[in-house]
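Structure file coords12.cif (mmCIF, C-alpha atoms) is printed below.
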data_model
loop_
_atom_site.label_atom_id
_atom_site.label_comp_id
_atom_site.auth_asym_id
_atom_site.auth_seq_id
_atom_site.Cartn_x
_atom_site.Cartn_y
_atom_site.Cartn_z
CA MET A 1 -63.56 8.94 32.22
CA PHE A 2 -61.39 7.90 29.31
CA LYS A 3 -62.95 7.09 26.00
CA LYS A 4 -61.71 4.14 23.99
CA ILE A 5 -60.57 5.24 20.60
CA LYS A 6 -61.05 2.78 17.79
CA ARG A 7 -58.20 2.68 15.31
CA THR A 8 -59.99 1.16 12.37
CA SER A 9 -58.18 3.17 9.71
CA GLY A 10 -54.75 2.07 11.01
CA ASN A 11 -55.74 -1.60 11.06
CA ARG A 12 -57.08 -1.36 7.54
CA ARG A 13 -53.91 0.34 6.34
CA THR A 14 -51.76 -2.40 7.94
CA LYS A 15 -53.81 -5.10 6.24
CA VAL A 16 -53.48 -3.41 2.85
CA ILE A 17 -49.71 -3.08 3.30
CA LEU A 18 -49.40 -6.74 4.29
CA ILE A 19 -51.46 -7.87 1.30
CA CYS A 20 -49.33 -5.74 -1.04
CA LEU A 21 -46.13 -7.19 0.46
CA MET A 22 -47.41 -10.74 0.04
CA LEU A 23 -48.35 -10.05 -3.59
CA ALA A 24 -44.91 -8.54 -4.21
CA VAL A 25 -43.20 -11.63 -2.73
CA VAL A 26 -45.31 -13.93 -4.92
CA LEU A 27 -44.58 -11.82 -8.03
CA VAL A 28 -40.83 -11.77 -7.34
CA SER A 29 -40.85 -15.54 -6.75
CA VAL A 30 -42.60 -16.17 -10.07
CA VAL A 31 -40.10 -13.95 -11.90
CA VAL A 32 -37.11 -15.69 -10.24
CA VAL A 33 -38.40 -19.18 -11.09
CA ALA A 34 -39.19 -18.13 -14.68
CA ARG A 35 -35.69 -16.67 -15.02
CA MET A 36 -34.12 -19.80 -13.57
CA GLU A 37 -35.82 -21.98 -16.20
CA GLN A 38 -34.16 -19.95 -18.97
CA THR A 39 -30.57 -20.63 -17.95
CA ALA A 40 -29.01 -24.03 -17.38
CA THR A 41 -26.03 -22.77 -15.39
CA LEU A 42 -26.38 -20.88 -12.12
CA LEU A 43 -22.65 -20.53 -11.45
CA ARG A 44 -19.65 -21.27 -13.66
CA LEU A 45 -16.16 -20.36 -12.50
CA PRO A 46 -13.71 -20.99 -15.35
CA ASN A 47 -10.33 -22.58 -14.80
CA LEU A 48 -7.95 -19.96 -16.18
CA ASN A 49 -5.19 -22.57 -16.47
CA SER A 50 -7.31 -24.91 -18.62
CA ILE A 51 -6.64 -25.02 -22.35
CA ARG A 52 -10.16 -26.31 -22.91
CA ASN A 53 -11.76 -23.68 -20.65
CA THR A 54 -13.46 -26.22 -18.38
CA PRO A 55 -14.78 -24.74 -15.15
CA ILE A 56 -13.39 -25.20 -11.66
CA VAL A 57 -16.90 -24.90 -10.24
CA LEU A 58 -20.15 -25.62 -12.07
CA ILE A 59 -23.55 -25.30 -10.40
CA LEU A 60 -26.41 -26.30 -12.65
CA ASN A 61 -29.92 -24.97 -12.40
CA PRO A 62 -32.26 -27.59 -10.91
CA PHE A 63 -35.07 -26.25 -13.13
CA ARG A 64 -33.11 -26.56 -16.42
CA ASP A 65 -34.24 -28.54 -19.45
CA ARG A 66 -32.48 -31.88 -18.94
CA GLY A 67 -33.34 -33.14 -22.42
CA PRO A 68 -29.80 -32.71 -23.80
CA GLU A 69 -28.32 -34.51 -20.78
CA ILE A 70 -30.77 -37.40 -21.03
CA VAL A 71 -30.09 -37.88 -24.75
CA SER A 72 -26.32 -37.73 -24.14
CA GLU A 73 -26.50 -40.23 -21.29
CA ILE A 74 -28.45 -42.67 -23.49
CA PHE A 75 -25.85 -42.16 -26.25
CA LEU A 76 -22.97 -42.92 -23.85
CA GLU A 77 -24.76 -45.89 -22.26
CA ASN A 78 -25.29 -47.38 -25.72
CA LEU A 79 -21.63 -46.81 -26.62
CA ARG A 80 -20.58 -48.59 -23.44
CA ALA A 81 -23.03 -51.44 -24.18
CA GLY A 82 -21.37 -52.02 -27.58
CA LYS A 83 -24.15 -50.52 -29.71
CA CYS A 84 -21.78 -48.10 -31.42
CA SER A 85 -23.04 -48.56 -34.98
CA ASP A 86 -26.62 -47.93 -33.82
CA VAL A 87 -25.92 -44.68 -31.98
CA THR A 88 -23.54 -43.29 -34.62
CA ALA A 89 -25.82 -44.13 -37.56
CA GLY A 90 -26.67 -40.44 -37.99
CA PHE A 91 -23.01 -39.51 -38.49
CA SER A 92 -21.10 -39.91 -41.75
CA ALA A 93 -20.03 -43.49 -42.50
CA GLU A 94 -16.36 -42.59 -42.09
CA ARG A 95 -16.93 -40.83 -38.76
CA SER A 96 -19.10 -43.66 -37.48
CA ARG A 97 -16.49 -46.27 -38.43
CA TYR A 98 -13.71 -44.21 -36.76
CA ILE A 99 -15.65 -43.84 -33.48
CA CYS A 100 -16.57 -47.54 -33.42
CA GLU A 101 -12.98 -48.65 -34.06
CA LEU A 102 -11.74 -46.52 -31.18
CA GLN A 103 -14.55 -47.78 -28.94
CA LYS A 104 -13.43 -51.35 -29.58
CA LYS A 105 -9.86 -50.46 -28.55
CA TYR A 106 -10.73 -48.08 -25.72
CA PRO A 107 -14.31 -48.62 -24.55
CA ILE A 108 -15.81 -45.92 -22.37
CA ARG A 109 -16.09 -47.15 -18.78
CA THR A 110 -17.23 -44.15 -16.72
CA TRP A 111 -18.13 -40.50 -17.23
CA HIS A 112 -19.50 -37.50 -15.39
CA LEU A 113 -20.69 -34.09 -16.54
CA ILE A 114 -18.20 -31.27 -15.94
CA ASP A 115 -19.56 -28.48 -18.14
CA ARG A 116 -22.65 -27.39 -20.03
CA THR A 117 -22.62 -24.48 -22.48
CA TYR A 118 -24.84 -23.12 -25.22
CA GLU A 119 -23.11 -22.49 -28.53
CA SER A 120 -24.72 -21.46 -31.83
CA GLY A 121 -28.13 -22.91 -31.05
CA LYS A 122 -26.68 -26.17 -29.71
CA VAL A 123 -26.08 -27.41 -26.18
CA LYS A 124 -22.51 -28.61 -25.67
CA LEU A 125 -22.06 -31.09 -22.84
CA THR A 126 -18.52 -31.83 -21.69
CA TYR A 127 -17.86 -34.96 -19.69
CA GLN A 128 -14.78 -36.32 -17.98
CA HIS A 129 -14.42 -39.99 -18.86
CA ALA A 130 -12.24 -43.04 -18.33
CA SER A 131 -11.74 -45.39 -21.27
CA GLY A 132 -10.07 -48.75 -21.76
CA ASP A 133 -7.28 -49.54 -19.33
CA ALA A 134 -6.25 -45.91 -18.87
CA SER A 135 -6.25 -44.70 -15.30
CA ALA A 136 -6.24 -41.05 -16.35
CA GLU A 137 -9.50 -39.33 -17.15
CA GLU A 138 -9.91 -37.42 -20.39
CA GLU A 139 -12.63 -35.23 -21.84
CA LEU A 140 -15.36 -35.88 -24.32
CA SER A 141 -17.92 -33.51 -25.76
CA ILE A 142 -21.39 -34.10 -27.10
CA TRP A 143 -23.38 -31.49 -29.01
CA THR A 144 -27.14 -31.76 -29.06
CA ASP A 145 -29.68 -30.07 -31.31
CA ARG A 146 -33.32 -29.43 -30.58
CA ARG A 147 -35.25 -31.56 -33.07
CA THR A 148 -38.70 -30.47 -31.89
CA PRO A 149 -39.71 -28.24 -28.97
CA ASN A 150 -39.58 -31.22 -26.57
CA SER A 151 -37.05 -33.49 -28.28
CA TRP A 152 -33.25 -33.46 -28.55
CA GLU A 153 -30.78 -35.49 -30.61
CA VAL A 154 -27.01 -35.94 -30.59
CA SER A 155 -25.57 -34.05 -33.55
CA ALA A 156 -21.82 -34.36 -32.89
CA PHE A 157 -19.43 -36.30 -30.70
CA SER A 158 -15.80 -35.58 -29.89
CA ILE A 159 -13.59 -37.64 -27.62
CA VAL A 160 -10.00 -37.59 -26.38
CA TYR A 161 -8.46 -40.96 -25.59
#
Produce structure tokens that represent the structure in this file.
Amino acid sequence: MFKKIKRTSGNRRTKVILICLMLAVVLVSVVVVARMEQTATLLRLPNLNSIRNTPIVLILNPFRDRGPEIVSEIFLENLRAGKCSDVTAGFSAERSRYICELQKKYPIRTWHLIDRTYESGKVKLTYQHASGDASAEEELSIWTDRRTPNSWEVSAFSIVY
């Protein structure tokens, strides 16, 4: 009485649409991940009351190049361990002597990253730190340069005691 109608063209069209949607999702995902690798900061809300322009909120990209942070952490660990002359050997003799004298008086005890910016081809890392017997935390900055495509080095160091 009733004939069954096969809907082959509709099923094929649905499959093609689904495949295209899946390819689009994969393509968008690849673009998003590639874009995320280019920027170190996902969200940075500046503190408008800060003289130094440190952020209130900083969310770092989990896919960022952590080379500058690793080099800076090693630098700070060595300062804390008393290896000041070794880690400041690349600075001028006067600058190295000045940093080491202050480290003897006010050794760095703790630090944590509060900002990361890119300035003139260098990555500037700003840390909050506690030194010596001071209970208040101050800021220090480390600038890193890319030495080779996969290698970073500390090129400058600034600290407030």
Worksheet item: Could you pull the residues within 10 Å of Ser85 (chain A), counting only C-alpha atoms, minus those fewer than 3 positions along the same chain, as an MDAnalysis selection string?
Response: chainID A and resid 78:79 82 88:91 93 96:97 99:100
Fill in: Separation of CA of Arg64 (chain A) from CA of Ser158 (chain A) in Å
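Pair CA of Ser158 (chain A) / CA of Arg64 (chain A) returns 23.7 Å.
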Worksheet item: Counting only C-alpha atoms, what is within 8 Å of Trp152 (chain A), bar same-chain residues fewer than 3 positions away, as a list in words?
Response: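 Returned residues: Gly67, Pro68, Val71, Thr144, Asp145, Arg146, Arg147 and Thr148 of chain A.
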For the residues selected in the previous step, produce a file with C-alpha atoms as a PDB file, keeping the file's coordinate frame.
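Output file selection.pdb is given in full below:
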ATOM      1  CA  GLY A  67     -33.340 -33.140 -22.420  1.00  0.00           C
ATOM      2  CA  PRO A  68     -29.800 -32.710 -23.800  1.00  0.00           C
ATOM      3  CA  VAL A  71     -30.090 -37.880 -24.750  1.00  0.00           C
ATOM      4  CA  THR A 144     -27.140 -31.760 -29.060  1.00  0.00           C
ATOM      5  CA  ASP A 145     -29.680 -30.070 -31.310  1.00  0.00           C
ATOM      6  CA  ARG A 146     -33.320 -29.430 -30.580  1.00  0.00           C
ATOM      7  CA  ARG A 147     -35.250 -31.560 -33.070  1.00  0.00           C
ATOM      8  CA  THR A 148     -38.700 -30.470 -31.890  1.00  0.00           C
TER       9      THR A 148
END
Item to complete: Report the distance between CA of Leu140 (chain A) and CA of Leu43 (chain A) in Å, rounded to one decimal place.
Response: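 Taking CA of Leu140 (chain A) and CA of Leu43 (chain A), their separation equals 21.3 Å.
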Practice prompt. Counting all atoms listed in the file, figure out which residue out of A:Ser120, A:Thr126, A:Ser131, A:Ser151 gets nearest to Lys105 (chain A).
Written response: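 The shortest atom-to-atom distance to Lys105 (chain A) comes from A:Ser131.
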Worksheet item: Which is closest to Ile142 (chain A) among A:Asp65, A:Glu101, A:Glu73, A:Asp86, if we use all atoms listed in the file?
Response: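 The shortest atom-to-atom distance to Ile142 (chain A) comes from A:Glu73.
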Discussion item. So, with all atoms listed in the file as the atoms that count, which of A:Glu153, A:Glu94, A:Asp115, A:Glu139 lies closest to Val57 (chain A)?
Written reply: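 Answer, going by the shortest atom-to-atom distance: A:Asp115.
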Practice prompt. Run through the PyMOL selection byres ((chain A and resi 127-129) around 8) on the given coordinates and return the selected residues as a list of chain:residue names.
Written response: A:Ile108, A:Arg109, A:Thr110, A:Trp111, A:His112, A:Leu113, A:Ile114, A:Asp115, A:Leu125, A:Thr126, A:Ala130, A:Ser131, A:Glu137, A:Glu138, A:Glu139, A:Leu140, A:Ser141
Fill in: Residue nearest Tyr118 (chain A) among A:Ile17, A:Ala40, A:Ile70, A:Leu23 (counting only C-alpha atoms)
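Of A:Ile17, A:Ala40, A:Ile70, A:Leu23, the one nearest Tyr118 (chain A), counting only C-alpha atoms, is A:Ala40.
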